[in-house]
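J.: This is the structure I have questions about; it appears just below.
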Amino acid sequence: MSGGHGVGGEQGVSGGQGVSGGQGVSGGAGVSVGGEFRVYAIQYARRDALRGEHFHGHDGRAGEPHPTAYYTWLAVSDRYTVVVDTGISRARAAKIDGLDYLASPAETMAELGVAAGAVGHVVLTALTGRGAVIAE
């Protein structure tokens with residue numbers, strides 16, 4: 001995939017070299033459970049807003065600008081397919097003021113050769129009230 005919509009940052013595919021080699025993946029050394037993983041950072045949206053619009057329990061810095069990028073992560077080994085944070089659907093994104101929806105996480109994963117139905121494990125790092133879906 002070249003010139004992608006938010007895979008591995010702004011363009012192209014990051015990762016794909018495997019976590020244990022640390023190439024293309026922030027954090028370097030990896031985990032050897034289930035073999036080597038190819039890890040993809042999939043940016044599906046971005047939003048320029050104030051800090052207080054992004055976080056619950058506003059603090060004294062609530063009025064400061066706080067651009068935010070939204071990612072889901074895909075980790076694939078020979079044995080496992082894992083998604084970390086599923087993202088949101090296009091329909092849900094349309095209801096969020098100022099959200100620039102770049103691409104469906106499920107569609108981007110399909111472009112990387114992984115159908116939503118092939119995902120064996122999902123890890124949710126936060127529940128935010130924005131809703132979560134793996135497929136549209």
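Chain labels follow the order of the structure tokens: the first chain is A, the next B, and so on; residue numbering restarts at 1 in every chain, and ligands are counted from 1 in their shown order.
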Where in range 24-124 of chain A does DSSP assign alpha helix (DSSP H), given as a list in words?

T.: Arg51, Gly52, Glu53, His54, Arg90, Ala91, Arg92, Ala93, Pro105, Ala106, Glu107, Thr108, Met109, Ala110 and Glu111 of chain A

J.: Restricting it to C-alpha atoms, dump the selection as a compact mmCIF listing (two decimals), in the first residue's frame.

T.:
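Generated output (again-v4.txt):
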# COMPACT_ATOMS: atom_id res chain seq x y z
CA ARG A 51 -7.78 20.37 25.49
CA GLY A 52 -11.03 20.57 27.46
CA GLU A 53 -12.97 19.19 24.48
CA HIS A 54 -10.84 16.03 24.42
CA ARG A 90 -17.89 6.67 9.50
CA ALA A 91 -21.50 7.25 10.65
CA ARG A 92 -20.44 7.88 14.26
CA ALA A 93 -17.56 10.11 13.15
CA PRO A 105 -10.11 1.17 10.26
CA ALA A 106 -11.84 -1.98 8.94
CA GLU A 107 -11.37 -0.90 5.31
CA THR A 108 -7.73 0.01 5.93
CA MET A 109 -7.10 -3.37 7.55
CA ALA A 110 -8.69 -5.04 4.51
CA GLU A 111 -6.28 -3.11 2.27

J.: Taking 4 positions as the minimum chain separation for residues in the same chain, which residues sit within 7 Å of range 117-127 of chain A when counting only C-alpha atoms? Answer as a PyMOL selection string.

T.: chain A and resi 80-85

J.: Please extract the residues of range 24-112 of chain A with a backbone DSSP assignment of strand (DSSP E or B) and present them as a VMD selection string.

T.: chain A and resid 38 to 47 50 65 68 to 76 81 to 84 99 to 101

J.: CA of Ile42 in chain A to CA of Thr72 in chain A: how many Å, to one decimal?

T.: 5.2 Å
